[in-house]
Structures are given as structure tokens and as C-alpha cells.
Amino acid sequence: MATQGQVITCKAAVAWEPTKPLVIEDVQVAPPQAGEVRVQILFTALCHTDAYTWSGKDPEGLFPCILGHEAAGIVESVGEGVTEVQPGDHVIPCYQAECRECKFCRSGKTNLCGKVRAATGVGIMMNDRKSRFSINGKPIYHFMGTSTFSQYTVVHDVSVAKIDPQAPLEKVCLLGCGVPTGLGAVWNAAKVEAGSIVAIFGLGTVGLAVAEGAKVAGASRIIGIDIDSKKFDRAKNFGVTEFVNPKDHDKPIQQVIIDLTDGGVDYSFECIGNVSVMRSALECCHKGWGTSVIVGVAASGQEISTRPFQLVTGRVWKGTAFGGFKSRSQVPWLVDKYMKKEIKVDEYITHNLTLGEINKAFDLMHEGGCLRCVLSTQV
Ligand SMILES: NC(=O)c1ccc[n+]([C@@H]2O[C@H](COP(=O)([O-])OP(=O)(O)OC[C@H]3O[C@@H](n4cnc5c(N)ncnc54)[C@H](O)[C@@H]3O)[C@@H](O)[C@H]2O)c1
Ligand SMILES: N[C@@H](CCC(=O)N[C@@H](CSCO)C(=O)NCC(=O)O)C(=O)O
Ligand SMILES: [Zn+2]
Ligand SMILES: [Zn+2]
């Protein structure tokens with residue numbers, strides 16, 4: 001039955017309130033308006049940022065909403081003026097848009113895009129400043145411009161990357177967030193050179209992707225730091241060469257790393273979202289040149305601090321969103337790299353469930369063994 005131009009009623013996991021279990025509801029998804037694309041989501045993974053917003057600690061978190069931002073699917077229909085994708089195209093929704101026209105996109109200095117960010121931050125679509133999701137007339141907010149915990153979603157055309165139709169959607173959905181973030185933190189934000197010493201704080205999916213990126217870049221030592229020692233065995237397969245558990249030491253962890261590395265590392269990456277660890281990550285960097293990249297997302301109200309002397313003496317503190325990758329241009333390139341077996345993806349998938357089991361999937365995130373859980377949207 002043709003669905004184009006019609007409201008689609010489908011299943012979606014709705015977050016009615018912070019921390020309350022998500023509820024699978026029948027949701028009405030309106031047709032795409034000008035500059036919009038309606039996508040049938042086939043597979044979606046969970047990222048720690050979904051849990052963060054669900055916790056109520058995200059200043060941009062609005063409820064009720066449909067969370068989810070790491071997914072893959074097929075274009076169902078497009079709105080007026082959409083030229084770069086058409087029904088049937090295989091796509092990955094991109095929470096970091098790329099319009100190629102705005103001040104940010106034209107700067108050549110950042111992957112951030114300003115075109116739709118004001119709308120995606122308040123859970124609506126740009127065209128009429130309304131949501132395309134509703135339940136019996138009650139609007140449900142969008143999330144990060146993606147809302148992938150749904151069988152159908154509507155995204156801005158600048159927020160969707162067309163990918164190789166041969167790519168397995170149940171795997172490449174991961175290229176919507178965590179894996180590119182870690183790889184890009186190394187390749188784009190830090191620009192790690194061969195021979196560098198690297199420290200990674202937090203060995204979840206993002207930290208392991210940092211390790212993989214550092215290995216590809218030719219780092220000589222890749223030191224993984226995690227409070228869960230069970231993380232180390234798996235981390236070796238992603239390139240981590242040494243493991244440090246802060247719990248095994250009395251000294252501050254930055255001092256432990258400085259002692260291990262004759263003065264500090266060339267590059268460090270915070271992949272947890274803990275502001276006190278962010279400080280350690282900066283301070284374990286080598287005087288004169290060490291660079292620390294913040295990747296983890298810290299809760300509302302949290303702030304970073306250090307002695308300015310740390311920066312006066314040459315350390316550099318920076319951060320990255322989506323690893324600095326330009327989404328619509330480079331996600332297809334990452335998919336191609338995966339197809340050529342040049343980057344890992346399958347190895348980050350530890351669990352597979354269905355959308356109907358999403359609360360179990362959130363529980364799994366707190367278990368040390370879980371990296372990414374991929375949900376099939378067939379509830
Ligand atoms: N900047 C971006 O664009 C971007 C993109 C994706 C994810 N993120 C953020 O990156 C962070 C990591 O995401 P993830 O999915 O890999 O999370 P995760 O929860 O799977 O991994 C975090 C790891 O940190 C470890 N850890 C926790 N506290 C620690 C401490 N005090 N010292 C050392 N290790 C500690 C945990 O044991 C775990 O292994 C999250 O904050 C997420 O929101 C940011
Ligand atoms: N609303 C949050 C923003 C959190 C944040 O920094 N998000 C990252 C992506 S995390 C993906 O897992 C990001 O892309 N930031 C840049 C942007 O949002 O434009 C908060 O306010 O804490
Ligand atoms: Zn994410
Ligand atoms: Zn732009």
C-alpha cells in the first residue's frame with residue numbers, strides 16, 4: 001500500500017518522562033514537509049548519549065520524546081525540494097547536519113552545521129516549528145534531529161547520508177555515532193602522528209574506536225585507562241597496548257601516566273563524560289605539546305577546571321562532536337571503508353534485540369560486557 005503523503009501509524013519507543021521505562025506506543029508520523037525526508041528505520045543502536053538525555057541531565061532534554069540517533073534505514077518518501085535522496089535509498093540519519101551552505105559548513109574549520117541546529121535542539125522541525133510525531137493528536141518531541149527509536153522518523157534533508165545499498169544496515173547503523181566519533185577524534189581533532197604515545201580514558205565503544213584510530217595512525221603506545229579491569233582483554237583487540245586501572249594506584253592517575261611515559265603522553269582522550277577525569281586527561285599530557293581531546297558528554301551544571309599554568313606550559317585542551325566528520329560527505333566514505341574491511345564495526349556489536357526489548361537494552365548498557373546493542377525495529 002502506498003504510504004507517500006499519508007500519515008503512517010507505527011511503533012515507537014516513547015520516553016514520557018526522565019528515567020521512566022520507555023513505552024512502545026502506536027505513534028502517528030506525519031508526511032515529510034519541504035526539505036524533509038521520512039525514513040523507515042530498520043536498525044538502531046543505543047548510545048550512552050541516549051541514556052544521558054533519558055536521565056534528565058541534558059539541558060536540551062524535552063519530554064515526551066522519541067530518543068535514538070545511531071541507526072540505518074530506507075527512505076520512504078521525501079518532501080518538496082528534496083533532491084539528494086529518493087524513496088528506496090539506503091541512509092544513515094545524521095544528528096550532526098551538513099548543509100554545505102551555512103557559515104559553519106563553508107568555514108572549512110568545523111563539521112558543525114548551523115542550518116537546523118536551533119530546531120533539533122528543541123525537538124521540532126524547521127519548516128513549521130512543529131513535531132511530525134504525535135499520539136492521538138498529542139505532539140511528541142524529536143531528539144537530536146533523528147529520533148531513531150521508531151519504525152519511521154522524519155529528518156531534515158541536511159541530516160541524512162545516502163550510503164551503499166549493499167552495506168548491511170544491521171551493522172553500519174553504528175556509523176551514525178560512536179565509531180566515527182572515536183576514529184575522528186584521533187584522525188580529525190587530534191591528528192595523531194605515527195610514533196605518538198596516546199592515553200584513552202574510558203574503554204567503551206567510543207574509547208575503543210579511539211584505540212582503533214590510534215593504531216591505524218601508527219601510535220607507538222596506546223594506554224587504556226578504565227575502572228573496570230575486565231575491559232582490558234577486549235581492548236587489546238582494538239589496539240590498546242597497556243592497561244591502567246586507577247583503582248590499583250594511590251597516586252592521582254595523571255601522575256601514574258606521567259611516570260609511565262617519561263613526562264606525559266602526546267595525546268589523551270576523555271571518553272567517559274566525567275569532568276574530574278577530563279582534568280586528569282589534560283594533566284597527563286606532555287609539557288610543551290600534549291593535546292587532550294574531550295569526547296565524553298558531561299551532565300548539565302558540570303564544569304571543567306585546571307590550573308591555567310597547564311595551558312601556559314603548552315598543553316592544548318579541545319573537544320570534538322561526531323569526531324569532526326562532515327556527516328553527509330563522510331559517513332558514506334566510512335561505510336565504504338567498512339565494506340573494504342578497513343575499519344571495524346561488527347566487533348563493537350555485543351548484543352542484538354528488538355525495539356520491543358529496548359528497556360532491557362538500556363539495562364545492558366550498564367553491564368561491563370556490553371558495547372553496542374543493535375535493535376531490529378521489528379517489535
Ligand atoms: N562528542 C561526541 O560526539 C560523542 C559521541 C558519542 C558519544 N559521546 C559520549 O562519549 C562517552 C562515552 O560513550 P560510550 O558509549 O563509549 O560509553 P560507555 O559507557 O560504553 O564507556 C565508558 C567507559 O568509561 C569507564 N569509566 C567510567 N568511569 C570511569 C572513570 N572514572 N575512570 C576511568 N574509566 C571510567 C567505564 O567503565 C566504561 O568502560 C559518553 O559520555 C557519550 O555520551 C560523545
Ligand atoms: N544536549 C547536550 C549536547 C550533548 C552533546 O555534546 N552532543 C554531541 C553528540 S553526542 C552523541 O552521542 C554533539 O554533537 N554536540 C554538538 C551539538 O550538539 O551540536 C547537552 O547540552 O549537554
Ligand atoms: Zn551517540
Ligand atoms: Zn551548514
# chains A, B, ... in the order shown; residues from 1 in each chain; ligands from 1

$ residues_near_ligand --ligand "ligand 4" --cutoff "8 Å" --atoms "only C-alpha atoms and all ligand atoms" --output "PyMOL selection string"
chain A and resi 97-106+112-115

$ residues_near_ligand --ligand "ligand 1" --cutoff "8 Å" --atoms "only C-alpha atoms and all ligand atoms" --output "compact mmCIF listing (two decimals) with N, CA and C atoms, in the first residue's frame"
# COMPACT_ATOMS: atom_id res chain seq x y z
N CYS A 47 23.21 4.55 22.24
CA CYS A 47 24.48 5.21 22.59
C CYS A 47 24.32 5.76 24.00
N HIS A 48 25.45 5.97 24.65
CA HIS A 48 25.38 6.48 26.02
C HIS A 48 24.66 7.83 26.09
N THR A 49 24.70 8.60 25.00
CA THR A 49 24.06 9.92 25.00
C THR A 49 22.53 9.79 25.08
N ASP A 50 21.97 8.69 24.54
CA ASP A 50 20.52 8.47 24.71
C ASP A 50 20.20 8.31 26.20
N TYR A 52 21.94 9.41 28.65
CA TYR A 52 22.19 10.71 29.31
C TYR A 52 20.96 11.60 29.23
N CYS A 177 27.10 7.14 14.94
CA CYS A 177 27.63 7.91 16.08
C CYS A 177 28.96 7.39 16.65
N GLY A 178 28.90 6.36 17.49
CA GLY A 178 30.05 6.04 18.35
C GLY A 178 31.36 5.74 17.65
N THR A 181 32.87 8.76 15.90
CA THR A 181 33.30 9.74 16.91
C THR A 181 34.70 9.41 17.41
N GLY A 182 34.93 8.14 17.72
CA GLY A 182 36.25 7.76 18.23
C GLY A 182 37.33 7.86 17.17
N PHE A 201 40.97 7.46 28.19
CA PHE A 201 40.21 7.30 29.44
C PHE A 201 38.81 6.82 29.09
N GLY A 202 38.48 5.58 29.49
CA GLY A 202 37.17 5.01 29.20
C GLY A 202 37.24 4.10 28.00
N LEU A 203 37.00 2.80 28.21
CA LEU A 203 37.13 1.83 27.11
C LEU A 203 35.78 1.25 26.71
N GLY A 204 34.79 2.12 26.55
CA GLY A 204 33.52 1.74 25.92
C GLY A 204 33.69 1.83 24.41
N THR A 205 32.59 1.86 23.68
CA THR A 205 32.67 1.90 22.21
C THR A 205 33.51 3.08 21.72
N VAL A 206 33.27 4.26 22.30
CA VAL A 206 33.98 5.45 21.82
C VAL A 206 35.48 5.32 22.09
N GLY A 207 35.83 4.90 23.30
CA GLY A 207 37.24 4.74 23.65
C GLY A 207 37.92 3.68 22.79
N LEU A 208 37.22 2.60 22.51
CA LEU A 208 37.82 1.54 21.69
C LEU A 208 38.00 2.01 20.24
N ILE A 225 42.80 3.39 30.02
CA ILE A 225 42.54 3.61 31.46
C ILE A 225 41.05 3.38 31.71
N ASP A 226 40.74 2.44 32.60
CA ASP A 226 39.33 2.18 32.91
C ASP A 226 39.26 1.64 34.33
N ILE A 227 38.15 1.96 35.01
CA ILE A 227 37.99 1.47 36.39
C ILE A 227 37.49 0.02 36.41
N ASP A 228 37.21 -0.52 35.22
CA ASP A 228 36.75 -1.91 35.13
C ASP A 228 37.84 -2.72 34.41
N LYS A 231 37.74 -4.76 31.09
CA LYS A 231 37.72 -4.13 29.76
C LYS A 231 39.01 -4.39 28.98
N ASN A 245 44.41 0.66 35.70
CA ASN A 245 43.17 0.83 36.45
C ASN A 245 43.46 1.80 37.59
N PRO A 246 42.81 2.99 37.58
CA PRO A 246 43.09 3.98 38.64
C PRO A 246 42.91 3.41 40.03
N GLU A 270 39.33 11.85 26.54
CA GLU A 270 38.38 11.53 27.61
C GLU A 270 37.11 11.01 26.96
N CYS A 271 36.80 9.75 27.20
CA CYS A 271 35.65 9.09 26.54
C CYS A 271 34.69 8.56 27.59
N ILE A 272 34.41 9.37 28.61
CA ILE A 272 33.55 8.95 29.72
C ILE A 272 32.43 9.98 29.96
N GLY A 273 32.83 11.26 30.02
CA GLY A 273 31.86 12.30 30.38
C GLY A 273 31.98 12.69 31.84
N ASN A 274 33.18 12.51 32.42
CA ASN A 274 33.42 12.80 33.84
C ASN A 274 34.41 13.98 33.92
N SER A 276 36.06 15.35 36.28
CA SER A 276 37.31 15.21 37.03
C SER A 276 38.32 14.38 36.22
N VAL A 277 37.80 13.39 35.45
CA VAL A 277 38.70 12.63 34.56
C VAL A 277 39.20 13.53 33.42
N ILE A 294 38.42 16.23 24.55
CA ILE A 294 37.22 15.84 25.29
C ILE A 294 36.20 15.29 24.30
N VAL A 295 35.81 14.04 24.55
CA VAL A 295 34.79 13.41 23.71
C VAL A 295 33.53 13.14 24.54
N GLY A 296 33.72 12.77 25.81
CA GLY A 296 32.59 12.44 26.68
C GLY A 296 31.68 13.63 26.91
N VAL A 297 30.40 13.34 27.10
CA VAL A 297 29.40 14.38 27.33
C VAL A 297 29.09 14.43 28.83
N ALA A 298 29.34 15.58 29.44
CA ALA A 298 29.11 15.72 30.89
C ALA A 298 27.76 16.37 31.15
N GLY A 319 37.90 19.73 22.11
CA GLY A 319 36.83 18.74 22.13
C GLY A 319 36.34 18.46 20.73
N THR A 320 35.51 17.44 20.60
CA THR A 320 35.01 17.11 19.27
C THR A 320 33.59 16.56 19.33
N ALA A 321 32.79 16.91 18.33
CA ALA A 321 31.46 16.33 18.14
C ALA A 321 31.48 15.50 16.87
N PHE A 322 30.99 14.28 16.96
CA PHE A 322 30.98 13.33 15.84
C PHE A 322 32.38 13.22 15.20
N GLY A 323 33.39 13.33 16.06
CA GLY A 323 34.76 13.13 15.59
C GLY A 323 35.21 14.10 14.51
N MET A 365 23.36 -1.62 28.93
CA MET A 365 24.42 -0.61 28.80
C MET A 365 25.22 -0.46 30.08
N HIS A 366 24.60 -0.78 31.20
CA HIS A 366 25.31 -0.62 32.47
C HIS A 366 26.15 -1.85 32.82
N GLY A 368 29.26 -4.30 32.14
CA GLY A 368 30.59 -4.13 31.56
C GLY A 368 30.74 -4.81 30.22
N CYS A 370 28.75 -5.09 27.71
CA CYS A 370 28.01 -4.55 26.56
C CYS A 370 28.74 -3.35 25.94
N LEU A 371 28.97 -3.44 24.63
CA LEU A 371 29.44 -2.26 23.90
C LEU A 371 28.22 -1.66 23.20
N ARG A 372 27.88 -2.17 22.04
CA ARG A 372 26.68 -1.69 21.37
C ARG A 372 25.64 -2.81 21.29

$ select_by_dssp --residues "range 282-325 of chain A" --states "helix (DSSP H, G or I)" --output "list in words"
Leu282, Glu283, Phe309, Gln310, Leu311, Val312, Phe322, Gly323 and Gly324 of chain A

$ residues_around --residues "Leu67 in chain A" --least-positions-apart "2" --cutoff "6 Å" --atoms "only C-alpha atoms" --output "list in words"
Phe143, Ser147 and Phe149 of chain A

$ residues_around --residues "Pro64 in chain A" --least-positions-apart "4" --cutoff "9 Å" --atoms "only C-alpha atoms" --output "number ranges by chain"
A: 14-18, 139-142

$ write_last_selection --atoms "N, CA, C and O atoms" --output "compact mmCIF listing (two decimals), in the first residue's frame"
# COMPACT_ATOMS: atom_id res chain seq x y z
N VAL A 14 8.56 5.49 23.27
CA VAL A 14 8.38 6.87 23.73
C VAL A 14 8.93 7.02 25.15
O VAL A 14 8.63 6.22 26.04
N ALA A 15 9.76 8.07 25.31
CA ALA A 15 10.24 8.43 26.66
C ALA A 15 9.26 9.48 27.18
O ALA A 15 9.33 10.64 26.77
N TRP A 16 8.36 9.08 28.04
CA TRP A 16 7.35 10.01 28.55
C TRP A 16 7.93 10.95 29.59
O TRP A 16 7.57 12.11 29.68
N GLU A 17 8.83 10.41 30.40
CA GLU A 17 9.44 11.20 31.49
C GLU A 17 10.86 10.71 31.70
O GLU A 17 11.15 9.53 31.44
N PRO A 18 11.74 11.57 32.24
CA PRO A 18 13.11 11.11 32.52
C PRO A 18 13.08 9.88 33.42
O PRO A 18 12.27 9.81 34.34
N PRO A 139 1.46 16.10 20.52
CA PRO A 139 2.80 16.08 19.90
C PRO A 139 3.84 15.40 20.80
O PRO A 139 3.78 15.53 22.03
N ILE A 140 4.74 14.69 20.15
CA ILE A 140 5.88 14.04 20.83
C ILE A 140 7.13 14.68 20.25
O ILE A 140 7.27 14.76 19.02
N TYR A 141 8.05 15.11 21.08
CA TYR A 141 9.25 15.81 20.59
C TYR A 141 10.19 14.89 19.81
O TYR A 141 10.34 13.71 20.14
N HIS A 142 10.87 15.48 18.84
CA HIS A 142 12.01 14.83 18.18
C HIS A 142 13.21 14.92 19.12
O HIS A 142 13.20 15.68 20.09

$ closest_residue --among "A:Cys173, A:Met278, A:Val293, A:Ile258" --to "Asp346 in chain A" --atoms "only C-alpha atoms"
A:Cys173

$ closest_residue --among "A:Val116, A:Trp333, A:Lys326, A:Lys287" --to "Gly314 in chain A" --atoms "only C-alpha atoms"
A:Lys287

$ residues_around --residues "Arg132 in chain A" --least-positions-apart "6" --cutoff "12 Å" --atoms "only C-alpha atoms" --output "short mmCIF file (atom, residue, chain, number, x, y, z; two decimals) with N, CA and C atoms, in the first residue's frame"
data_model
loop_
_atom_site.label_atom_id
_atom_site.label_comp_id
_atom_site.auth_asym_id
_atom_site.auth_seq_id
_atom_site.Cartn_x
_atom_site.Cartn_y
_atom_site.Cartn_z
N VAL A 7 -0.33 9.93 6.62
CA VAL A 7 0.20 9.75 7.98
C VAL A 7 0.44 8.25 8.17
N ILE A 8 1.61 7.90 8.71
CA ILE A 8 1.89 6.49 8.99
C ILE A 8 1.75 6.26 10.49
N THR A 9 1.00 5.23 10.86
CA THR A 9 0.97 4.85 12.27
C THR A 9 1.90 3.66 12.44
N VAL A 27 2.41 5.37 17.21
CA VAL A 27 2.70 6.80 17.00
C VAL A 27 2.33 7.18 15.58
N GLN A 28 1.73 8.35 15.42
CA GLN A 28 1.44 8.86 14.08
C GLN A 28 2.63 9.68 13.60
N VAL A 29 3.11 9.34 12.41
CA VAL A 29 4.25 10.06 11.82
C VAL A 29 3.75 10.79 10.58
N ALA A 30 3.75 12.11 10.63
CA ALA A 30 3.22 12.92 9.52
C ALA A 30 4.13 12.84 8.30
N PRO A 31 3.60 13.10 7.11
CA PRO A 31 4.45 13.09 5.91
C PRO A 31 5.51 14.18 5.98
N PRO A 32 6.62 13.99 5.26
CA PRO A 32 7.68 15.00 5.27
C PRO A 32 7.23 16.28 4.58
N GLN A 33 7.58 17.42 5.14
CA GLN A 33 7.29 18.71 4.51
C GLN A 33 8.50 19.10 3.64
N GLU A 36 12.34 17.88 3.90
CA GLU A 36 12.34 16.80 4.89
C GLU A 36 12.28 15.42 4.23
N VAL A 37 12.70 14.43 4.99
CA VAL A 37 12.77 13.06 4.48
C VAL A 37 12.15 12.13 5.53
N ARG A 38 11.23 11.27 5.09
CA ARG A 38 10.70 10.27 6.04
C ARG A 38 11.45 8.96 5.80
N CYS A 65 9.42 12.40 24.34
CA CYS A 65 10.21 12.43 23.11
C CYS A 65 10.50 11.01 22.64
N ILE A 66 11.00 10.95 21.41
CA ILE A 66 11.48 9.67 20.87
C ILE A 66 12.99 9.82 20.72
N GLY A 123 13.60 19.94 19.66
CA GLY A 123 12.71 18.81 19.38
C GLY A 123 11.65 19.03 18.32
N ILE A 124 11.94 19.95 17.37
CA ILE A 124 10.94 20.24 16.34
C ILE A 124 11.60 20.28 14.96
N MET A 125 10.76 20.42 13.90
CA MET A 125 11.27 20.55 12.55
C MET A 125 11.26 22.02 12.17
N MET A 126 12.25 22.42 11.33
CA MET A 126 12.43 23.82 10.96
C MET A 126 11.23 24.44 10.24
N LYS A 138 -1.56 14.39 20.34
CA LYS A 138 -0.61 15.00 21.29
C LYS A 138 0.80 14.93 20.69
N PRO A 139 1.46 16.10 20.52
CA PRO A 139 2.80 16.08 19.90
C PRO A 139 3.84 15.40 20.80
N ILE A 140 4.74 14.69 20.15
CA ILE A 140 5.88 14.04 20.83
C ILE A 140 7.13 14.68 20.25
N TYR A 141 8.05 15.11 21.08
CA TYR A 141 9.25 15.81 20.59
C TYR A 141 10.19 14.89 19.81
N HIS A 142 10.87 15.48 18.84
CA HIS A 142 12.01 14.83 18.18
C HIS A 142 13.21 14.92 19.12
N PHE A 143 14.29 14.18 18.80
CA PHE A 143 15.52 14.19 19.59
C PHE A 143 16.72 14.21 18.65
N GLY A 145 17.36 15.63 16.14
CA GLY A 145 17.04 15.66 14.71
C GLY A 145 17.00 14.29 14.08
N THR A 146 16.93 13.23 14.90
CA THR A 146 17.00 11.87 14.35
C THR A 146 15.87 10.95 14.84
N SER A 147 15.66 10.87 16.16
CA SER A 147 14.58 10.04 16.75
C SER A 147 14.46 8.67 16.09
N TYR A 152 9.39 4.55 11.90
CA TYR A 152 9.52 5.62 10.91
C TYR A 152 9.91 6.90 11.63
N THR A 153 10.74 7.72 10.98
CA THR A 153 11.08 9.01 11.55
C THR A 153 11.12 10.04 10.41
N VAL A 154 11.08 11.31 10.77
CA VAL A 154 11.23 12.38 9.77
C VAL A 154 12.47 13.20 10.16
N VAL A 155 13.35 13.40 9.17
CA VAL A 155 14.58 14.17 9.43
C VAL A 155 14.71 15.28 8.38
N HIS A 156 15.52 16.27 8.68
CA HIS A 156 15.81 17.31 7.67
C HIS A 156 16.69 16.69 6.58
#

$ closest_residue --among "A:Lys230, A:His69, A:Lys236, A:Lys109" --to "ligand 3" --atoms "only C-alpha atoms and all ligand atoms"
A:His69

$ closest_residue --among "A:Glu342, A:Asp164, A:Glu212, A:Glu70" --to "ligand 2" --atoms "only C-alpha atoms and all ligand atoms"
A:Glu70

$ residues_around --residues "Glu25 in chain A" --least-positions-apart "6" --cutoff "10 Å" --atoms "only C-alpha atoms" --output "list in words"
Thr9, Cys10, Lys11, Ala12, Ala13, Val14, Ile135, Ser150 and Gly356 of chain A

$ closest_residue --among "A:Gly290, A:Leu174, A:Asp157, A:Glu283" --to "Ser305 in chain A" --atoms "only C-alpha atoms"
A:Glu283

$ closest_residue --among "A:Ser134, A:Ser327, A:Thr313, A:Gln4" --to "ligand 2" --atoms "only C-alpha atoms and all ligand atoms"
A:Ser327

$ select_by_dssp --residues "range 218-371 of chain A" --states "strand (DSSP E)" --output "number ranges by chain"
A: 221-225, 242-244, 267-270, 291-294, 316-319, 349-354

$ write_last_selection --atoms "N, CA and C atoms" --output "PDB file, in the first residue's frame"
ATOM      1  N   ARG A 221      52.466   3.671  21.513  1.00  0.00           N
ATOM      2  CA  ARG A 221      51.899   3.114  22.752  1.00  0.00           C
ATOM      3  C   ARG A 221      50.468   3.635  22.881  1.00  0.00           C
ATOM      4  N   ILE A 222      49.553   2.746  23.234  1.00  0.00           N
ATOM      5  CA  ILE A 222      48.149   3.139  23.417  1.00  0.00           C
ATOM      6  C   ILE A 222      47.745   2.651  24.808  1.00  0.00           C
ATOM      7  N   ILE A 223      47.677   3.601  25.725  1.00  0.00           N
ATOM      8  CA  ILE A 223      47.422   3.252  27.137  1.00  0.00           C
ATOM      9  C   ILE A 223      45.929   3.414  27.408  1.00  0.00           C
ATOM     10  N   GLY A 224      45.281   2.325  27.798  1.00  0.00           N
ATOM     11  CA  GLY A 224      43.850   2.361  28.108  1.00  0.00           C
ATOM     12  C   GLY A 224      43.655   2.480  29.613  1.00  0.00           C
ATOM     13  N   ILE A 225      42.800   3.393  30.022  1.00  0.00           N
ATOM     14  CA  ILE A 225      42.542   3.608  31.457  1.00  0.00           C
ATOM     15  C   ILE A 225      41.053   3.384  31.706  1.00  0.00           C
ATOM     16  N   GLU A 242      48.608  -1.120  26.645  1.00  0.00           N
ATOM     17  CA  GLU A 242      48.852  -1.173  28.097  1.00  0.00           C
ATOM     18  C   GLU A 242      47.569  -0.776  28.797  1.00  0.00           C
ATOM     19  N   PHE A 243      47.399  -1.306  30.012  1.00  0.00           N
ATOM     20  CA  PHE A 243      46.165  -1.001  30.730  1.00  0.00           C
ATOM     21  C   PHE A 243      46.495  -0.467  32.105  1.00  0.00           C
ATOM     22  N   VAL A 244      45.776   0.577  32.519  1.00  0.00           N
ATOM     23  CA  VAL A 244      45.932   1.120  33.869  1.00  0.00           C
ATOM     24  C   VAL A 244      44.555   1.232  34.500  1.00  0.00           C
ATOM     25  N   TYR A 267      49.054  12.593  23.257  1.00  0.00           N
ATOM     26  CA  TYR A 267      47.613  12.838  23.070  1.00  0.00           C
ATOM     27  C   TYR A 267      46.822  12.046  24.105  1.00  0.00           C
ATOM     28  N   SER A 268      45.777  12.679  24.652  1.00  0.00           N
ATOM     29  CA  SER A 268      44.861  11.935  25.520  1.00  0.00           C
ATOM     30  C   SER A 268      43.429  12.214  25.089  1.00  0.00           C
ATOM     31  N   PHE A 269      42.559  11.272  25.428  1.00  0.00           N
ATOM     32  CA  PHE A 269      41.155  11.354  25.001  1.00  0.00           C
ATOM     33  C   PHE A 269      40.274  10.994  26.195  1.00  0.00           C
ATOM     34  N   GLU A 270      39.327  11.850  26.536  1.00  0.00           N
ATOM     35  CA  GLU A 270      38.377  11.532  27.606  1.00  0.00           C
ATOM     36  C   GLU A 270      37.107  11.011  26.957  1.00  0.00           C
ATOM     37  N   THR A 291      48.255  17.210  23.782  1.00  0.00           N
ATOM     38  CA  THR A 291      46.900  17.670  23.454  1.00  0.00           C
ATOM     39  C   THR A 291      45.871  16.707  24.026  1.00  0.00           C
ATOM     40  N   SER A 292      44.876  17.250  24.695  1.00  0.00           N
ATOM     41  CA  SER A 292      43.814  16.406  25.246  1.00  0.00           C
ATOM     42  C   SER A 292      42.493  16.733  24.561  1.00  0.00           C
ATOM     43  N   VAL A 293      41.798  15.686  24.130  1.00  0.00           N
ATOM     44  CA  VAL A 293      40.532  15.863  23.414  1.00  0.00           C
ATOM     45  C   VAL A 293      39.382  15.355  24.285  1.00  0.00           C
ATOM     46  N   ILE A 294      38.423  16.232  24.546  1.00  0.00           N
ATOM     47  CA  ILE A 294      37.224  15.840  25.293  1.00  0.00           C
ATOM     48  C   ILE A 294      36.202  15.288  24.304  1.00  0.00           C
ATOM     49  N   VAL A 316      47.320  21.537  25.257  1.00  0.00           N
ATOM     50  CA  VAL A 316      46.173  22.040  24.492  1.00  0.00           C
ATOM     51  C   VAL A 316      44.939  21.239  24.875  1.00  0.00           C
ATOM     52  N   TRP A 317      43.842  21.964  25.143  1.00  0.00           N
ATOM     53  CA  TRP A 317      42.595  21.296  25.543  1.00  0.00           C
ATOM     54  C   TRP A 317      41.571  21.565  24.452  1.00  0.00           C
ATOM     55  N   LYS A 318      41.014  20.521  23.881  1.00  0.00           N
ATOM     56  CA  LYS A 318      39.990  20.707  22.853  1.00  0.00           C
ATOM     57  C   LYS A 318      38.919  19.635  22.949  1.00  0.00           C
ATOM     58  N   GLY A 319      37.899  19.729  22.108  1.00  0.00           N
ATOM     59  CA  GLY A 319      36.832  18.736  22.130  1.00  0.00           C
ATOM     60  C   GLY A 319      36.340  18.461  20.726  1.00  0.00           C
ATOM     61  N   ILE A 349      29.531  -4.733  18.186  1.00  0.00           N
ATOM     62  CA  ILE A 349      28.147  -5.176  18.453  1.00  0.00           C
ATOM     63  C   ILE A 349      28.199  -6.406  19.363  1.00  0.00           C
ATOM     64  N   THR A 350      27.790  -6.220  20.602  1.00  0.00           N
ATOM     65  CA  THR A 350      27.836  -7.334  21.558  1.00  0.00           C
ATOM     66  C   THR A 350      26.457  -7.944  21.778  1.00  0.00           C
ATOM     67  N   HIS A 351      25.408  -7.211  21.433  1.00  0.00           N
ATOM     68  CA  HIS A 351      24.050  -7.708  21.677  1.00  0.00           C
ATOM     69  C   HIS A 351      23.121  -7.301  20.536  1.00  0.00           C
ATOM     70  N   ASN A 352      22.125  -8.140  20.280  1.00  0.00           N
ATOM     71  CA  ASN A 352      21.069  -7.841  19.299  1.00  0.00           C
ATOM     72  C   ASN A 352      19.721  -8.123  19.953  1.00  0.00           C
ATOM     73  N   LEU A 353      18.838  -7.121  19.936  1.00  0.00           N
ATOM     74  CA  LEU A 353      17.486  -7.293  20.486  1.00  0.00           C
ATOM     75  C   LEU A 353      16.503  -6.624  19.529  1.00  0.00           C
ATOM     76  N   THR A 354      15.238  -6.530  19.956  1.00  0.00           N
ATOM     77  CA  THR A 354      14.247  -5.835  19.131  1.00  0.00           C
ATOM     78  C   THR A 354      13.835  -4.537  19.825  1.00  0.00           C
TER      79      THR A 354
END

$ residues_around --residues "range 214-218 of chain A" --least-positions-apart "2" --cutoff "7 Å" --atoms "only C-alpha atoms" --output "ChimeraX atom specification"
/A:186,192-195,210-212,220,239
